[in-house]
Each structure stands twice: as C-alpha cells, then as structure tokens.
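Below: the structure, in structure tokens.
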Amino acid sequence: MTAKRLRRSDSFLGVHFDFHANEDSTKVGEGVDAAMIEAIIAKVKPDYLQCDCKGHRGFSSYPTKVGNPAPGFVGDPLRVWRDATAKHGVALYMHYSGVLDVEAVAQHPDWARVDEKGEPDKKAASVFGPYVDELLIPQLKELADVYGVDGVWVDGDCWGTVREYREDVLERFHRETGVKNVPRSPEDPGYFEFSQFCRQGFRDYLKRYVDILHRHAPDFQVASNWAYSSQMPEPIGVDVDFISGDYSPLDSLSTARWEGRCIACQDKPWDLMSWGFAHEYDSKITNYKTVTQLCQESAAVLALGGGFQVYFTQRNVNGAVRLWNMDVMAEVAKFCRARQAVCHHAQAVPQVVMLRSTHDFQRRNSTLYYSSPHMREPLQGILNALLETQNSVEIRMEHNLLPRLKEYPLVILPETEFLEPEFKEALVDYVRNGGKLLAIGPTTAALFQKELDIEFAAEASEQTQWLDCDGRLAGLKAVSRPVVPGPKAKVFGQFYLCPGCIYPGADFEGDTTPAATIATLGKGKIAAVHAKLGERLLKSGDIHIKRWLNSLVRELFPTPLAELTGSSFVDVSVNRIGGKLAVNLLNTLGQRGYVYDEVPPVGPLELKLRLDSKPKQITLEPEGKPLPFVYQDAVASLTLDKLAIHAVVLVE
C-alpha cells in the first residue's frame, strides 16, 4: 500500500542529493537502505526527494540496462529509494545530467558537440546529434517504466550547451540562413544569427525529450535546470512541468534574490535550490552551512512565493547519505513549513518592475545560455540597490511584462543596450498614458534621446567623477556620457568632474554634468541616469549612490504601497495570497564569510501601508500575532519591535 504523492506544482519543500558517480564509485548501494531513507523522511518531512541517477561524468548510479552503469553495485539503490519514498507518500525525482555526459561522448565520439576548432568536445553531447534519441530518452523512459519515479531534474542542460560546429550542423545553418562563412567570434558577420540557430537547436532538443516523455508517461514530470530562468530568459516554448535551479554556493543570498525574481514572473510552478554547503571551486574546500544561514537563504525564496530545496552530497563510493546533515535540514524545514501558508504560491503586487531583456541578452551574452558576468552583474547591482532602499521589485522579460505593463507604477531599464522596436514603442506609449520609465546607463538613455529631450555633448567613455548625493560626494569610475538637457528636461543630480583630483577625493568645484534628467512625456515621466551604476553598486554597495538612486525612484514613484523605515538591511516584497495582502520582510544582515551562524535582529521598524480602506486586522506571521495600527488618510501605520530573519505582515 503506497500513500498518495504530491505533484511538483503542489510541492513546497524538498531535499536534493547527487554525487556524480565516477570511476571510484565501486560499491554503489552499500549503506543505502530503507532505514536511511525513512530517517530522512522522518526528520525532514519533505514533499519530495531528488537523488542521483546520472551525473556529468556520465556513469549511472543505478544498474541501468540502457545507459552506462557505475563500476560496481551492491543491490539496486534506486529501487530502495523508490520503494521507501512511495511507502511514505514522498515524491521521488532524479538528478540526471543532460547535455554534459563525459562517458557518452567518450564511447560515441559522433555524439559529441564539435568546437570552433573542429575538435570533439570531451564533456558535452551535441543537441543536434543522436544522443537525445539513443541515450537520454531511452534512459528517462527506463526511469519512468521500470522504477516509477515521479520525474526528473535535468542538470547540465541549457547551461551546458554551447555553439556547435559539427559539419552537419554547419550545413544545416547555411541551408536555413544563407550565411556562407562560419562565424566563429562576435566580430564575424552572422554571429548573432548563428547563436540564435544554436539556441533553437537546444529548444528543439528540449522539446523533443519533454514531449516524447509526456506522451509515453503522462504523469512523469520534467524540469531542465535553469531553463526559462535568468540563464535562459525567454518565453516558455516547451511544456516543462516546473522551473528550477541551484544558485551560487558562495554568494547565495544575493543570488537567490536575483534568480527568484527572474523565475517568479514565468507563471510556472517553481523552486530554487540552495547548496547545503559552501564549496570553494579553486581550493576544493567544502564547509557545511548552518541552520541560521539556510533559513535566511530559504526566506529569500519563500518571500517571492517559490518552493525551496537544499542540496547535500552523497558519498562518492556508494551513494549513501550523510544523515547528520539531516539534523540541520530538519530545523530548516520547520522554519519553512511555518511560513508555507502565507508564502507559497503568493503573487507579487505590481510596484517597481525591472526588465531582464530577452533581446538584449541574446544580442550581448557571450554564451548561448548561462549569464555572462558583464550581463548579469550590473543588473544584480541595481537590483540590490533597489532592494536595500526598501523597494518591492519584480523582474520581468518583454513577453511577460508587455501584457501587464500598465499595472506597474515604475518600469526600470537597467543598462539595457538593445530593445526591439515594437517593445520600445510600447514603453513610450506606456509613458504617454501616465507611466513612469527610468533608463539607467548612457546606451540605454540613447535609445530614448528624443523622448528625454537631451543632446549628447560627447561620446560615452569611462571616467572618474563624483556624484552629488544630497550634499555628499560619492566617487564613481564608470562609463558615462555628458548630456545637454533641452527645455522639457530637468536635471536631477550632478557629476563633478574634478580632473586631476586624487586621494582623498574631490570637492564641490569644477565642471559638472547632469547625473540624471527627467522629462515629462504626455501624462507620464521618463528619466535617465547618464552613467553605468550597476557594477559599482554590486561591488562596493555604496550607500550614498544607493540613496541617490532611491531619491530618483521616489521622484518618479512617490507613493509605494509599502514604505518601511528603520533599517536598510530589510528587503520588502509585497504579495497577495488568498485574497490578503502579504508584506514579506527579509533581514539580509549576517553574511561574514562563506559560512555564518548569526543574523543580528533589526528594529524597531516603521511600516506604512497605503490602503483604500481600513483593514479588519493586521497580523505578524508566522506567529499569528495581532499588530496594533493607526489608520489615517488612507495609510495604516504600525511598528515592528524586532525582525529576526523573516516575517510576513498579513493584512485582512
């Protein structure tokens, strides 16, 4: 008798295990028994478990009949996992490496991707080749048919896909596009078209295995790690069952804030995976994270409505789980479960939205997928600055922003260099009809030169200058462009150029140029920052620049629904759940090094909520504690004495 299992769309909490079996995995299954798995379930009470079945090395960690099994087995560990999870009503998903498969391409060189030098790739299979039909699909069918697992989490897929130079692929590219010469660098003609062709190759590969598996086993659920996320920011064109990704093991909190917002907009069930350990890739040193640290990382995801899972490794020789890690996970699970009712599947209330442009990504990202630092870091820096001045921020792409554009009081274009003409026109119409638009960066501003009513005094260049931040100067070395505002534009802030100034800095003297300008356009306003701020904000976190940027945001959007004061270390996420307003407050203090165990509480915090009518009651969750408030002039004002890690102010 087996208990009913939740589908991934209804699941909230999971634990992920993988170990990328290799040549040393000679006793796979030794120590893997029902007692081990039942101990995990009893301690953590997860909705699902994910365990390894094939890692990047290409060896399967169960006795597969269609793939490449690990060197040695003691019994059938996957049968043990499936029977134990099914008995307790816990779903079981497989960690399976897709495009990355060292063993497959070693045994079948004709399956390998070919690089720009004509050499077969020693790690990656070709998405255009027979690998998907000869190994991936048959093996996933085996998992569904023989073991009855609930689904698969395909690792090493979009982010393992790179440009393809197989002869048959190049011939097809020539035939479909008419481009004669093979573009091998960004400077070569046709490079963008070739990149798009290769991206379509991945989409076709993904669609092929997802569709075939859904037809073969309709209840089998599939996710491709990082597909339709910040790493693959595009419309969902394949019927994946959920979106998921494992974020940075070192810069976890910042990454979770960014990645969660890039996925939440896609209107699919989603979760993010934290690594249960900090792994330093260069030194190969691993240290396990604490309960406090993992609770804070989980809260960054829960505050956005997502599900959460944590990754722990299995032993390389035999695939057994280190049960002492489950004591930590059990405490994290309690923290998450306490918040499930007021967080899971919550939807953001439109406030500030930032564009993660599909078009810009595809034009400028150096890889097909997997965000290049020069594309990701400026956007993360701007997001961090907005969050650290207590703005409730969503991130959307063109396809899921355009239908809801009118709902947002403020749209921000963060250092975006390419926009499709139709989307740009939609943004201009949005402003004319009363919207507010902020372009950050000189290239972004140039896209709206006419609407901003500015002329350029020189070309953009990198220079050191000082930003007047309400009477204090903040140094900034960044690409900027001097502008001359027209009669419809007003200056907001100044850059002091101070040529020749050295340590300790500059003063309020010398030539100036506008730091930002604001123009009225129809019923709305359009503004631009004439320098790149993102990289500086990410790396320095300069409080003066953050506050200056926030003052510009407030000039455009003076009446946010939730306004918090008392600490700059609190992220505010305004959601709705079950018809109620849910204001999530996340304390981001604490990180000192890769592993930490203390998040100092912040408070008192003053919260103002702009509401059309007086609330019936306001409670602090998950405690269910009533919060006294004063309602006057359509504003509910209240005080929180202390915020530990995460809380939800729930308004009825």
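FYI, nothing fancy with the structure tokens labels: chains A, B, ... in order, residues from 1 per chain, ligands from 1 as they appear.
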For region 190-210 of chain A versus region 128-139 of chain A, which residues have an atom no more than 8 Å away, and what is each residue's nearest atom pair and distance in Å rounded to one decimal, using only C-alpha atoms, chain-then-number order, as a tab-separated table?
```
residue	atom	partner	partner_atom	distance
A:Gly201	CA	A:Phe128	CA	6.2
A:Phe202	CA	A:Phe128	CA	7.9
A:Tyr205	CA	A:Val132	CA	7.1
A:Tyr209	CA	A:Ile137	CA	6.0
```
Fill in: Distance query region 235-239 of chain A at most 7 Å, only C-alpha atoms, self and fewer than 3 positions along chain excluded, as a list in words
Lys207, Val210, Tyr228 and His399 of chain A
Discussion item. Need the shell around Arg261 (chain A): protein/DNA/RNA residues with any atom at most 6 Å away, counting only C-alpha atoms. Skip same-chain ones fewer than 3 positions apart. Format as a list in words?
Written reply: Trp258, Ala264, Glu394 and Ile395 of chain A
Discussion item. List the spatial neighbours of Gly590 (chain A) as an NGL selection string - criterion: any atom at most 9 Å away, only C-alpha atoms, same-chain residues fewer than 3 positions off excluded.
Written reply: :A and (293 or 587 or 596-600)
Fill in: Interatomic distance, CA of Thr290 (chain A) to CA of Glu621 (chain A) (Å, one decimal)
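Atom-to-atom, CA of Thr290 (chain A) to CA of Glu621 (chain A), that is 23.2 Å.
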